[in-house]
Structures are given as C-alpha cells and as structure tokens.
>>> print(open('my_file-v2.cif').read())   # mmCIF, C-alpha atoms and all ligand atoms
data_final
#
loop_
_atom_site.label_atom_id
_atom_site.label_comp_id
_atom_site.auth_asym_id
_atom_site.auth_seq_id
_atom_site.Cartn_x
_atom_site.Cartn_y
_atom_site.Cartn_z
CA MET A 1 219.60 47.10 109.57
CA ILE A 2 219.06 50.69 108.41
CA LYS A 3 218.54 49.40 104.86
CA LEU A 4 215.83 46.99 106.00
CA GLU A 5 213.97 49.71 107.89
CA SER A 6 214.15 51.99 104.87
CA SER A 7 212.75 49.36 102.53
CA LYS A 8 209.94 48.57 104.96
CA LEU A 9 209.11 52.24 105.12
CA LYS A 10 209.02 52.51 101.32
CA LEU A 11 206.68 49.52 101.16
CA LEU A 12 204.38 51.10 103.72
CA LEU A 13 204.43 54.42 101.88
CA LEU A 14 203.37 52.59 98.72
CA ILE A 15 200.76 50.31 100.20
CA PHE A 16 199.06 52.42 102.82
CA PRO A 17 197.49 55.00 100.49
CA LEU A 18 196.44 52.24 98.11
CA LEU A 19 194.25 50.80 100.83
CA TYR A 20 192.10 53.83 100.18
CA GLY A 21 192.58 53.56 96.44
CA CYS A 22 190.12 53.92 93.72
CA SER A 23 189.13 50.73 91.99
CA THR A 24 186.53 48.02 91.76
CA PRO A 25 187.29 44.43 90.77
CA VAL A 26 186.29 42.92 87.45
CA THR A 27 186.61 39.31 86.38
CA ARG A 28 188.14 38.55 83.01
CA GLN A 29 190.56 36.26 81.23
CA PRO A 30 193.83 35.12 82.82
CA LEU A 31 196.55 37.67 83.45
CA LYS A 32 199.16 38.15 80.78
CA SER A 33 201.96 40.31 82.08
CA THR A 34 203.41 42.40 79.28
CA TYR A 35 204.61 45.54 81.00
CA LEU A 36 206.87 47.68 78.92
CA THR A 37 210.53 47.79 79.81
CA PRO A 38 211.88 51.22 80.82
CA VAL A 39 212.89 53.75 78.20
CA ALA A 40 215.09 56.80 78.73
CA PRO A 41 213.01 59.82 79.79
CA LYS A 42 213.30 63.17 78.05
CA PRO A 43 212.00 65.64 80.64
CA ALA A 44 211.17 68.65 78.46
CA ILE A 45 209.35 66.97 75.61
CA PHE A 46 208.86 63.33 76.28
CA ILE A 47 208.51 61.40 73.03
CA PRO A 48 208.55 57.75 73.91
CA ASN A 49 209.13 55.94 70.62
CA ALA A 50 209.08 52.56 72.29
CA VAL A 51 205.71 53.36 73.82
CA GLN A 52 204.38 54.50 70.47
CA SER A 53 205.23 51.19 68.82
CA GLU A 54 203.86 49.31 71.84
CA LEU A 55 200.59 51.24 71.55
CA ASP A 56 200.38 50.69 67.80
CA ARG A 57 200.54 46.93 68.19
CA PHE A 58 196.99 46.71 69.49
CA LYS A 59 193.72 47.22 67.71
CA PRO A 60 191.55 49.08 70.21
CA ARG A 61 188.02 47.96 70.98
CA TYR A 62 185.33 50.57 71.70
CA TRP A 63 186.40 53.13 74.32
CA LYS A 64 184.46 56.21 75.23
CA TYR A 65 186.30 57.91 78.10
CA ILE A 66 189.74 58.54 79.50
CA VAL A 67 189.79 58.64 83.30
CA ILE A 68 192.78 60.25 85.02
CA HIS A 69 194.02 59.12 88.44
CA HIS A 70 196.87 59.60 90.85
CA SER A 71 198.29 56.62 92.72
CA ALA A 72 198.00 58.43 96.08
CA SER A 73 201.43 56.95 96.86
CA ASN A 74 204.87 58.53 96.65
CA ALA A 75 206.36 55.71 94.61
CA GLY A 76 205.32 52.88 92.34
CA ASN A 77 205.33 51.30 88.90
CA ALA A 78 203.16 48.93 86.89
CA THR A 79 204.79 45.89 88.44
CA SER A 80 204.48 46.97 92.09
CA ILE A 81 200.97 48.40 91.80
CA GLY A 82 199.89 45.46 89.62
CA LYS A 83 201.22 43.07 92.27
CA TYR A 84 199.27 44.91 94.94
CA HIS A 85 196.05 44.82 92.90
CA LYS A 86 196.49 41.12 92.22
CA GLU A 87 197.72 39.87 95.58
CA VAL A 88 196.09 42.23 98.05
CA ARG A 89 192.95 43.28 96.20
CA GLY A 90 192.65 39.81 94.64
CA TRP A 91 192.01 41.01 91.08
CA GLU A 92 192.96 38.21 88.75
CA ASN A 93 193.85 40.65 85.97
CA GLY A 94 196.18 42.60 88.23
CA LEU A 95 196.90 46.26 87.53
CA GLY A 96 193.54 48.03 87.42
CA TYR A 97 194.73 50.88 85.18
CA HIS A 98 195.52 50.63 81.49
CA PHE A 99 198.52 52.95 81.73
CA LEU A 100 200.83 54.22 84.41
CA ILE A 101 203.08 57.29 84.29
CA GLY A 102 206.09 57.16 86.59
CA ASN A 103 207.45 60.00 88.75
CA GLY A 104 211.05 58.91 89.22
CA ASN A 105 210.34 56.76 92.29
CA GLY A 106 209.90 53.19 91.10
CA ALA A 107 209.75 54.08 87.41
CA ARG A 108 211.53 56.81 85.51
CA ASP A 109 210.11 60.30 85.60
CA GLY A 110 207.53 60.58 82.81
CA GLN A 111 207.87 56.95 81.81
CA ILE A 112 204.67 55.54 80.32
CA GLU A 113 204.05 51.92 81.18
CA VAL A 114 201.47 49.95 79.21
CA GLY A 115 199.40 47.64 81.40
CA ASN A 116 198.14 44.23 80.44
CA ARG A 117 194.56 45.49 80.37
CA TRP A 118 195.45 47.70 77.41
CA ASN A 119 197.32 44.90 75.69
CA ASP A 120 194.35 42.59 76.17
CA GLN A 121 191.80 45.36 75.54
CA ILE A 122 189.81 44.47 78.64
CA ASP A 123 187.80 46.51 81.14
CA GLY A 124 189.68 48.47 83.75
CA ALA A 125 189.29 48.31 87.52
CA HIS A 126 189.92 51.93 88.39
CA ALA A 127 186.76 54.02 88.33
CA GLY A 128 184.55 52.47 91.03
CA ASN A 129 181.80 52.90 88.46
CA GLY A 130 180.63 50.22 86.02
CA GLU A 131 180.19 52.46 82.98
CA TYR A 132 183.62 54.03 83.38
CA ASN A 133 185.41 50.77 84.12
CA LYS A 134 183.89 49.25 81.01
CA TYR A 135 184.35 52.14 78.57
CA GLY A 136 187.03 54.19 80.30
CA ILE A 137 190.75 53.95 79.67
CA GLY A 138 192.40 54.36 83.08
CA ILE A 139 195.61 56.39 83.25
CA CYS A 140 197.32 56.70 86.62
CA LEU A 141 200.11 59.14 87.43
CA VAL A 142 202.31 57.97 90.27
CA GLY A 143 202.30 60.43 93.17
CA ASN A 144 199.99 61.92 95.74
CA PHE A 145 198.74 65.16 94.22
CA GLU A 146 196.95 66.13 97.38
CA ASN A 147 200.44 66.86 98.74
CA ARG A 148 202.49 67.81 95.68
CA HIS A 149 202.30 68.60 91.99
CA PRO A 150 202.95 66.07 89.25
CA THR A 151 206.31 66.53 87.50
CA ASP A 152 206.59 68.36 84.17
CA SER A 153 207.62 65.10 82.54
CA GLN A 154 204.55 63.34 83.86
CA ILE A 155 202.30 66.04 82.41
CA SER A 156 204.13 65.99 79.05
CA SER A 157 203.73 62.23 78.91
CA LEU A 158 200.09 62.45 79.90
CA VAL A 159 199.35 65.02 77.18
CA TYR A 160 201.17 62.88 74.65
CA LEU A 161 199.31 59.73 75.68
CA VAL A 162 195.87 61.35 75.87
CA ASN A 163 196.33 62.98 72.46
CA TYR A 164 197.35 59.65 71.04
CA LEU A 165 194.41 57.77 72.60
CA GLN A 166 191.90 60.43 71.57
CA ARG A 167 193.02 60.11 67.97
CA ARG A 168 193.30 56.35 67.99
CA CYS A 169 190.02 55.65 69.80
CA ASN A 170 188.07 58.70 68.65
CA ILE A 171 187.41 60.05 72.16
CA SER A 172 186.08 63.58 72.49
CA LYS A 173 187.70 66.18 74.73
CA GLU A 174 184.62 66.37 76.99
CA ASN A 175 185.20 62.74 77.85
CA ILE A 176 188.68 63.30 79.26
CA ILE A 177 187.74 63.25 82.90
CA LYS A 178 189.15 63.11 86.39
CA HIS A 179 188.29 60.21 88.66
CA CYS A 180 186.48 62.59 91.01
CA ASN A 181 184.07 63.43 88.18
CA VAL A 182 182.58 59.92 88.33
CA ARG A 183 183.01 58.91 91.96
CA LYS A 184 183.27 60.57 95.37
CA THR A 185 187.04 60.72 95.76
CA VAL A 186 189.80 63.34 95.83
CA CYS A 187 191.61 61.49 93.01
CA PRO A 188 193.63 62.74 91.09
CA GLY A 189 194.29 65.25 93.85
CA ASN A 190 193.92 68.95 94.42
CA HIS A 191 197.24 69.79 92.70
CA PHE A 192 196.50 67.97 89.47
CA PRO A 193 196.44 70.72 86.76
CA TYR A 194 193.36 69.50 84.90
CA ASN A 195 192.63 72.73 82.99
CA LYS A 196 196.25 73.09 81.87
CA VAL A 197 196.20 69.53 80.57
CA LEU A 198 192.93 70.13 78.70
CA ALA A 199 194.39 73.29 77.17
CA ARG A 200 197.27 71.27 75.73
CA LEU A 201 195.03 68.70 74.06
CA ARG A 202 194.29 68.96 70.37
ZN ZN B 301 191.50 57.29 91.04
#
>>> encode(input="my_file-v2.cif", output="structure tokens")
Amino acid sequence: MIKLESSKLKLLLLIFPLLYGCSTPVTRQPLKSTYLTPVAPKPAIFIPNAVQSELDRFKPRYWKYIVIHHSASNAGNATSIGKYHKEVRGWENGLGYHFLIGNGNGARDGQIEVGNRWNDQIDGAHAGNGEYNKYGIGICLVGNFENRHPTDSQISSLVYLVNYLQRRCNISKENIIKHCNVRKTVCPGNHFPYNKVLARLR
C-alpha cells in the first residue's frame, strides 16, 4: 500500500511540472525509439564513450542553435518524458528534446541519453518557437532548477555534449542559448549556471 502511494507520488511529481512544460508539437515521420542504454557515470569528469560512438553514427543536417532546458520535474529519463510527450501531448515523434541529461532520479547522474529526434535528424519540439525548433538542438537537464542546482555530473556532461555538438555542427558560442532567451519562460531555471557553462566551452 505504501509502495503504491509512493509510486503515484513520483508519477505526479514527474507529470505535474511537465503540464507547464516548454514545447510545441511538430509533425514528422513515424517514431523510431532508439534511446541509448545506460552507461556507468563518472561524476568528476564524465566521458561517455558509448555516447560518443552513438553521436558519431549520425551525419548531422544543418543546425544553428543549441537550446538548453530543465525538465522542471524532480525525476525523469528519455523513456518517461518521451512517453509523456507522445501519449499526453500527442506528439507522434515523442520526446521533444534531442538529448536528455539525467540527475540520478530515473536515469544515472550525468547520463546523456540520445533521443530519436537526434538519431533521425528531425526538428525538435522544445522551444515554443518555430525557428528554434527547426534549427535548434534541444538539450534538457532533468531537474527543477528553480528549486535546486544541477549536479556537477550534469554540468560536466552538458559541457562535454555542447563542445561536441559545436564542433560537429559548427555552432558558434553566441548561439548556445537558454530556453528563456527565445520564449517567455523560467526554463532552465534561476539556478542554472549559464555563465559558468559558457566559460567552460571551447
Ligand atoms: Zn525549456
């Protein structure tokens, strides 16, 4: 009985903030679910070899921006948030972001998950803005950074991923932006250390 209540509570904690989430639907080809399986996190310097080879498999189309988000939920992973986007939001391509970075609740701390929209090189559904959904790679860190800070592993993974994507897709540093730069929203939250992340980019 206690277990059931606890799982209901977790579900509510995940879903409720997403009702106020940050995306707009797009219509594209059928969903192909190819989420990456978990890899062991390395908190200090997170070097996800499996993610690297997963990223290298795809020839990127034209991308101009990287848009950073928080999930506004305490827990989540590509499967649970993708399921929500598909079943509740009704987006046929599921997960609106191209990448997710776990916080230890639902995915491992600092774990980078590659969404099907990256694998298929299709528009995101994360910016609430046509230009940025079309040309913006959406990266979402799990957590509500209005209430707490992202973990060190999440930031290490984000820096790693953004550096990689900048190089691979030739995206300038000025175009690494927060969601709130392109839409009226608090995303990615007051405690997201944007300037520190920028300072760690090449
Ligand atoms: Zn957002």
>>> closest_atom_pairs(input="my_file-v2.cif", of="chain A", to="ligand ZN 301 (chain B)", cutoff="9 Å", atoms="all atoms listed in the file", output="CSV")
residue,atom,partner,partner_atom,distance
A:Gly21,CA,B:ZN301,ZN,6.7
A:Cys22,CA,B:ZN301,ZN,4.5
A:Ser23,CA,B:ZN301,ZN,7.0
A:Val67,CA,B:ZN301,ZN,8.0
A:Ile68,CA,B:ZN301,ZN,6.8
A:His69,CA,B:ZN301,ZN,4.1
A:His70,CA,B:ZN301,ZN,5.8
A:Ser71,CA,B:ZN301,ZN,7.0
A:Ala72,CA,B:ZN301,ZN,8.3
A:His126,CA,B:ZN301,ZN,6.2
A:Ala127,CA,B:ZN301,ZN,6.4
A:Gly128,CA,B:ZN301,ZN,8.5
A:Gly138,CA,B:ZN301,ZN,8.5
A:Ile139,CA,B:ZN301,ZN,8.9
A:Cys140,CA,B:ZN301,ZN,7.3
A:Lys178,CA,B:ZN301,ZN,7.8
A:His179,CA,B:ZN301,ZN,4.9
A:Cys180,CA,B:ZN301,ZN,7.3
A:Arg183,CA,B:ZN301,ZN,8.7
A:Thr185,CA,B:ZN301,ZN,7.3
A:Val186,CA,B:ZN301,ZN,7.9
A:Cys187,CA,B:ZN301,ZN,4.6
A:Pro188,CA,B:ZN301,ZN,5.9
A:Gly189,CA,B:ZN301,ZN,8.9
>>> write_last_selection(input="my_file-v2.cif", atoms="C-alpha atoms", output="compact mmCIF listing (two decimals), in the coordinates of the input")
# COMPACT_ATOMS: atom_id res chain seq x y z
CA GLY A 21 192.58 53.56 96.44
CA CYS A 22 190.12 53.92 93.72
CA SER A 23 189.13 50.73 91.99
CA VAL A 67 189.79 58.64 83.30
CA ILE A 68 192.78 60.25 85.02
CA HIS A 69 194.02 59.12 88.44
CA HIS A 70 196.87 59.60 90.85
CA SER A 71 198.29 56.62 92.72
CA ALA A 72 198.00 58.43 96.08
CA HIS A 126 189.92 51.93 88.39
CA ALA A 127 186.76 54.02 88.33
CA GLY A 128 184.55 52.47 91.03
CA GLY A 138 192.40 54.36 83.08
CA ILE A 139 195.61 56.39 83.25
CA CYS A 140 197.32 56.70 86.62
CA LYS A 178 189.15 63.11 86.39
CA HIS A 179 188.29 60.21 88.66
CA CYS A 180 186.48 62.59 91.01
CA ARG A 183 183.01 58.91 91.96
CA THR A 185 187.04 60.72 95.76
CA VAL A 186 189.80 63.34 95.83
CA CYS A 187 191.61 61.49 93.01
CA PRO A 188 193.63 62.74 91.09
CA GLY A 189 194.29 65.25 93.85
>>> closest_atom_pairs(input="my_file-v2.cif", of="stretch 64-121 of chain A", to="stretch 157-163 of chain A", cutoff="10 Å", atoms="all atoms listed in the file", output="CSV")
residue,atom,partner,partner_atom,distance
A:Ile66,CA,A:Val162,CA,7.7
A:Val67,CA,A:Val162,CA,10.0
A:Ile68,CA,A:Leu158,CA,9.2
A:Phe99,CA,A:Leu161,CA,9.1
A:Leu100,CA,A:Leu158,CA,9.4
A:Ile101,CA,A:Ser157,CA,7.3
A:Gly102,CA,A:Ser157,CA,9.5
A:Asp109,CA,A:Ser157,CA,9.4
A:Gly110,CA,A:Ser157,CA,5.7
A:Gln111,CA,A:Ser157,CA,7.3
A:Ile112,CA,A:Ser157,CA,6.9
>>> atom_distance(input="my_file-v2.cif", atom1="atom CA of A:Trp118", atom2="atom CA of A:Ala199")
25.6 Å
>>> residues_around(input="my_file-v2.cif", residues="A:His85", least_positions_apart="2", cutoff="10 Å", atoms="all atoms listed in the file", output="ChimeraX atom specification")
/A:18,23,25,79-83,87-97,125
>>> closest_residue(input="my_file-v2.cif", among="A:Arg202, A:Arg167, A:Lys64, A:Lys184", to="A:Asp123", atoms="all atoms listed in the file")
A:Lys64
>>> closest_residue(input="my_file-v2.cif", among="A:Thr151, A:Gln166, A:Ser73, A:Asn116", to="A:Gly104", atoms="all atoms listed in the file")
A:Thr151
>>> atom_distance(input="my_file-v2.cif", atom1="atom CA of A:Ser172", atom2="atom CA of A:Leu198")
11.3 Å
>>> closest_residue(input="my_file-v2.cif", among="A:Arg117, A:Ile137, A:Asn144, A:Lys86", to="A:Asn175", atoms="all atoms listed in the file")
A:Ile137
>>> build_atoms(input="my_file-v2.cif", residues="stretch 136-151 of chain A", atoms="N, CA and C atoms", output="short mmCIF file (atom, residue, chain, number, x, y, z; two decimals), in the coordinates of the input")
data_model
loop_
_atom_site.label_atom_id
_atom_site.label_comp_id
_atom_site.auth_asym_id
_atom_site.auth_seq_id
_atom_site.Cartn_x
_atom_site.Cartn_y
_atom_site.Cartn_z
N GLY A 136 186.03 53.18 79.99
CA GLY A 136 187.03 54.19 80.30
C GLY A 136 188.45 53.63 80.32
N ILE A 137 189.33 54.31 79.62
CA ILE A 137 190.75 53.95 79.67
C ILE A 137 191.33 54.62 80.92
N GLY A 138 191.88 53.82 81.82
CA GLY A 138 192.40 54.36 83.08
C GLY A 138 193.88 54.70 82.97
N ILE A 139 194.20 55.97 83.24
CA ILE A 139 195.61 56.39 83.25
C ILE A 139 195.93 56.88 84.65
N CYS A 140 196.95 56.31 85.25
CA CYS A 140 197.32 56.70 86.62
C CYS A 140 198.71 57.32 86.64
N LEU A 141 198.80 58.51 87.22
CA LEU A 141 200.11 59.14 87.43
C LEU A 141 200.56 58.80 88.85
N VAL A 142 201.78 58.32 88.95
CA VAL A 142 202.31 57.97 90.27
C VAL A 142 202.56 59.25 91.07
N GLY A 143 202.10 59.27 92.30
CA GLY A 143 202.30 60.43 93.17
C GLY A 143 201.02 60.71 93.94
N ASN A 144 201.17 61.50 94.99
CA ASN A 144 199.99 61.92 95.74
C ASN A 144 199.81 63.42 95.50
N PHE A 145 198.89 63.77 94.62
CA PHE A 145 198.74 65.16 94.22
C PHE A 145 197.82 65.95 95.15
N GLU A 146 197.53 65.36 96.29
CA GLU A 146 196.95 66.13 97.38
C GLU A 146 198.09 66.87 98.09
N ASN A 147 199.29 66.30 98.01
CA ASN A 147 200.44 66.86 98.74
C ASN A 147 201.44 67.59 97.84
N ARG A 148 201.49 67.21 96.58
CA ARG A 148 202.49 67.81 95.68
C ARG A 148 201.97 67.82 94.25
N HIS A 149 202.70 68.53 93.39
CA HIS A 149 202.30 68.60 91.99
C HIS A 149 202.92 67.44 91.21
N PRO A 150 202.28 67.02 90.12
CA PRO A 150 202.95 66.07 89.25
C PRO A 150 204.18 66.73 88.62
N THR A 151 205.12 65.95 88.13
CA THR A 151 206.31 66.53 87.50
C THR A 151 205.96 67.00 86.09
#
